[in-house]
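Below is one structure, written out as structure tokens; comments come after it.
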Amino acid sequence: MAIKDPLSSENLLLSIKDLDIYLKKKHSQVNLVNSVNLRVNHSEVFCIVGESGCGKSITALSVLRLLPKNLTASGSILYHPVSSNLLTLPEQELLKVRGKEISMIFQEPMTSLNPVFTIGYQIEEVLRLHEGLSKREARQRATELLQSVKIPEAHLRIKDYPHQLSGGMRQRVMIAMAIACNPRLLIADEPTTALDVTVQAEILDMLLEIQATRGMSILLITHDLAVVEETAQRVAVMYAGRVVEMADRKGLFENPRHPYTIGLFNSLPGRGKKRLNPIPGTVPSPEELPRGCKFSTRCSMKLKECEFREPELKDTGENHLSRCIRADELKG
Ligand SMILES: Nc1ncnc2c1ncn2[C@@H]1O[C@H](COP(=O)(O)OP(=O)(O)OP(=O)(O)O)[C@@H](O)[C@H]1O
Ligand SMILES: [Mg+2]
């Protein structure tokens, strides 16, 4: 059987094109995300990885038009099953997509769960709103959903209030709510960062199991390369509001082709290393980005011209993109 081309158009679920995000100020605007292009295929886990402040969350939020009011997005975000640009879709149409076709979970479940309602009630509300289920049907489905996210004694837990559950259990409830309407795409923004390591692993495993059985896609946001290694089919590495590298997981892990990605790998613990090698310096603020390559202020491979001209994101072969003029030297 011929191997399906991962980038063929029939696999397309979501494509983000030339996404820019600006912070509006009184007399100016600050560019926070610059010309981001990426695509999520059907039934794949696509990861966005990068250090704090690089624009992962606002990129994800713009997909469902959930950006804070002081930020604006331009470009297009095409959701292929309904052939719509989510950035310009009328609010009424967007409501049909949000939660039903595409849903989202966040790092801290307490900010998304309502403390004054039981978790059962909150899941049932989603089902009644989007699926038009009766009260009894919704209760039945909510219990099944809690079982599917491996909450023990689901029929009892359904009557609990959020504060009665542990952080890990609350995150499972959030996932149950997010998958209640069988979305084609789940956006998960650091879904396990607030949890301890063993719970993190359990939740990721469960997410992957759900993803595989339902054929759902996940756009997973993380700052943690270990999470990427566990989950991703394809990966975009972001730095200072830009995609600096994009590849399938194997390509990225076996042969990173941007000095920033290599820096991220070197700063990882483990793998027989005696000490960590963090990337020197700090991420520049969006208001004070260097003129050329945005990573040039921290890059050990920098050349003179990197200070003046920002490289384009280019294919270096095998659909492996890098925004570095020395990418070919890094090719293994
Ligand atoms: N509402 C806002 N007003 C002003 N600036 C904002 C706002 N939201 C985000 N930013 C800025 O946009 C940039 C990207 O933020 P974003 O939250 O997407 O980062 P991130 O990659 O998700 O980081 P983290 O890993 O810490 O979650 C940061 O410089 C941040 O300070
Ligand atoms: Mg974030």
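Following the order of the structure tokens, chains are lettered A, B, ..., residues in each are numbered from 1, and ligands are numbered from 1.
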
Selection: 7 Å around region 280-296 of chain A, only C-alpha atoms, excl. self and same-chain fewer than 4 positions, as a PyMOL selection string: chain A and resi 30-32+240+302+306-311

Counting only C-alpha atoms and all ligand atoms, which protein, DNA or RNA residues come within 12 Å of ligand 2, given as a PyMOL selection string? chain A and resi 48-61+105-108+188-191+193+220-224+238+241

Give me, as a list in words, the residues of region 101-187 of chain A that a backbone DSSP run labels strand (DSSP E).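 In region 101-187 of chain A, DSSP puts these residues in strand (DSSP E): Ile102, Ser103, Met104, Ile105, Leu185, Leu186 and Ile187 of chain A.
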
Just to be explicit: take each residue in the selection above, keep N, CA, C and O atoms, and write the result as a compact mmCIF listing (two decimals), in the first residue's frame.
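So the final result, stored in out-v6.txt, reads:
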# COMPACT_ATOMS: atom_id res chain seq x y z
N ILE A 102 -14.65 21.94 17.45
CA ILE A 102 -13.32 22.20 18.02
C ILE A 102 -13.52 22.55 19.49
O ILE A 102 -14.33 23.43 19.80
N SER A 103 -12.83 21.88 20.37
CA SER A 103 -12.95 22.28 21.77
C SER A 103 -11.56 22.47 22.36
O SER A 103 -10.55 22.12 21.75
N MET A 104 -11.55 23.03 23.55
CA MET A 104 -10.26 23.44 24.09
C MET A 104 -10.16 23.13 25.58
O MET A 104 -11.15 23.26 26.30
N ILE A 105 -9.00 22.70 26.02
CA ILE A 105 -8.75 22.58 27.46
C ILE A 105 -7.50 23.38 27.83
O ILE A 105 -6.59 23.55 27.03
N LEU A 185 -11.42 18.29 16.54
CA LEU A 185 -10.14 18.85 16.98
C LEU A 185 -10.22 19.26 18.44
O LEU A 185 -11.14 19.97 18.84
N LEU A 186 -9.25 18.81 19.20
CA LEU A 186 -9.12 19.24 20.59
C LEU A 186 -7.86 20.08 20.70
O LEU A 186 -6.78 19.63 20.31
N ILE A 187 -8.02 21.30 21.19
CA ILE A 187 -6.84 22.14 21.43
C ILE A 187 -6.52 22.03 22.91
O ILE A 187 -7.38 22.30 23.75

Excluding Gly167 (chain A) and residues on its chain fewer than 3 positions from it, collect all residues at most 7 Å away from it, counting only C-alpha atoms, and give them as a list in words.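 Residues near the query, excluding close chain neighbours: Arg170, Gln171 and Leu195 of chain A.
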
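If you count only C-alpha atoms and ignore residues fewer than 2 places along the chain from Tyr121 (chain A), what sits within 9 Å of it is Phe117, Thr118, Ile119, Ile123, Glu124, Glu125, Val126, Arg139, Ala142, Ile158 and Lys159 of chain A.
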
At a cut-off of 12 Å, using only C-alpha atoms, what residues contact region 249-259 of chain A? Leave out same-chain residues fewer than 5 positions from it and give the result as a ChimeraX atom specification. /A:44-49,225-239,243-244,264-266,279,293-302,311,313-332

Pairwise distance for CA of Arg39 (chain A) and CA of Tyr22 (chain A), rounded to one decimal in Å: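 These two atoms are separated by 21.2 Å.
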
Would you pick out the contacts of region 200-206 of chain A at 10 Å or less, using only C-alpha atoms, so that residues sharing its chain but fewer than 2 positions from it are not included, and give the list as a PyMOL selection string? chain A and resi 148-150+168-169+171-172+175+191-198+208-212+227+230-231
